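Worksheet: the structure to be examined is printed underneath.
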Amino acid sequence: MDVIFTVLSFVGVIIYFQIKDSKALANLNIMQRIGVLMSFLITTIIIECCIYYGTSFLTEHIQNGFLIWIIRVTVVIITLWLAVFILNYILQKITNGIFPKIT
C-alpha cells in the first residue's frame, strides 16, 4: 500500500508541475529535466519514509490518541517544510535558477 501511495503521489506531483511550470521546463535541457525528475522522485520517497517511520517511532509508547495526532501532524508539517526547502535548493542548483521556487 505504501508503494502505491508513493507512486501515485509522485505521478500527481509530476503532472501538477508539468502543467504549472511548462514554460520553465521548456527552457531546460534533457539532463536538467532528468535531474528535476529524479529530485522529485527521491524527495517523495524520503518524505514517505520520514513520515511513516518517524511517526511510528515517536508514537510507539504513547496511549493518548490526541497526543498521537498532534505528534503526527507536527511530523508531517516539519517534514514537508524541510523537504520543500531542500528541494528548492537542489532545483535551483540543477536548473541554474530557471525553475521557479516551490511555495
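Convention: chains lettered A, B, ... in C-alpha cells order; per-chain residue numbering from 1; ligands numbered from 1 as shown.
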Problem set entry | Residues near Ile42 in chain A, cut-off 12 Å, only C-alpha atoms, skip fewer than 3 positions along chain, as a PyMOL selection string | chain A and resi 6-7+10+35-39+45-49+83+86-87+90
How about saving the chosen residues, C-alpha atoms kept, as a PDB file, in the first residue's frame?
```
ATOM      1  CA  THR A   6       4.334   6.765  -3.191  1.00  0.00           C
ATOM      2  CA  VAL A   7       3.928   6.114  -6.902  1.00  0.00           C
ATOM      3  CA  PHE A  10       4.931  11.069  -7.380  1.00  0.00           C
ATOM      4  CA  GLY A  35      17.708  15.866 -12.672  1.00  0.00           C
ATOM      5  CA  VAL A  36      14.420  17.574 -11.800  1.00  0.00           C
ATOM      6  CA  LEU A  37      12.512  14.315 -12.231  1.00  0.00           C
ATOM      7  CA  MET A  38      14.971  12.370 -10.066  1.00  0.00           C
ATOM      8  CA  SER A  39      14.906  15.093  -7.414  1.00  0.00           C
ATOM      9  CA  ILE A  45      10.418   8.524  -1.284  1.00  0.00           C
ATOM     10  CA  ILE A  46      12.310  10.219   1.553  1.00  0.00           C
ATOM     11  CA  ILE A  47       9.195  12.110   2.682  1.00  0.00           C
ATOM     12  CA  GLU A  48       7.155   8.901   2.772  1.00  0.00           C
ATOM     13  CA  CYS A  49       9.807   7.118   4.836  1.00  0.00           C
ATOM     14  CA  ALA A  83      11.609  18.772   2.014  1.00  0.00           C
ATOM     15  CA  ILE A  86      15.851  21.289   0.335  1.00  0.00           C
ATOM     16  CA  LEU A  87      14.069  20.629  -2.973  1.00  0.00           C
ATOM     17  CA  ILE A  90      18.506  21.391  -5.299  1.00  0.00           C
TER      18      ILE A  90
END
```
Exercise. Which residues, written as a ChimeraX atom specification, have at least one atom at most 10 Å from Val73 in chain A, with only C-alpha atoms counted and residues fewer than 6 positions away on the same chain left out?
Worked result: /A:51,55,67,79
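Among the candidate residues A:Ile71, A:Leu82, A:Ala26, A:Val76, the one lying nearest to Phe99 in chain A is A:Ala26, with distances computed using only C-alpha atoms.
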For this session: Using DSSP on the backbone, list every residue of chain A that comes out as alpha helix (DSSP H), and give them as a ChimeraX atom specification.
Result: /A:2-20,22-26,30-58,65-95
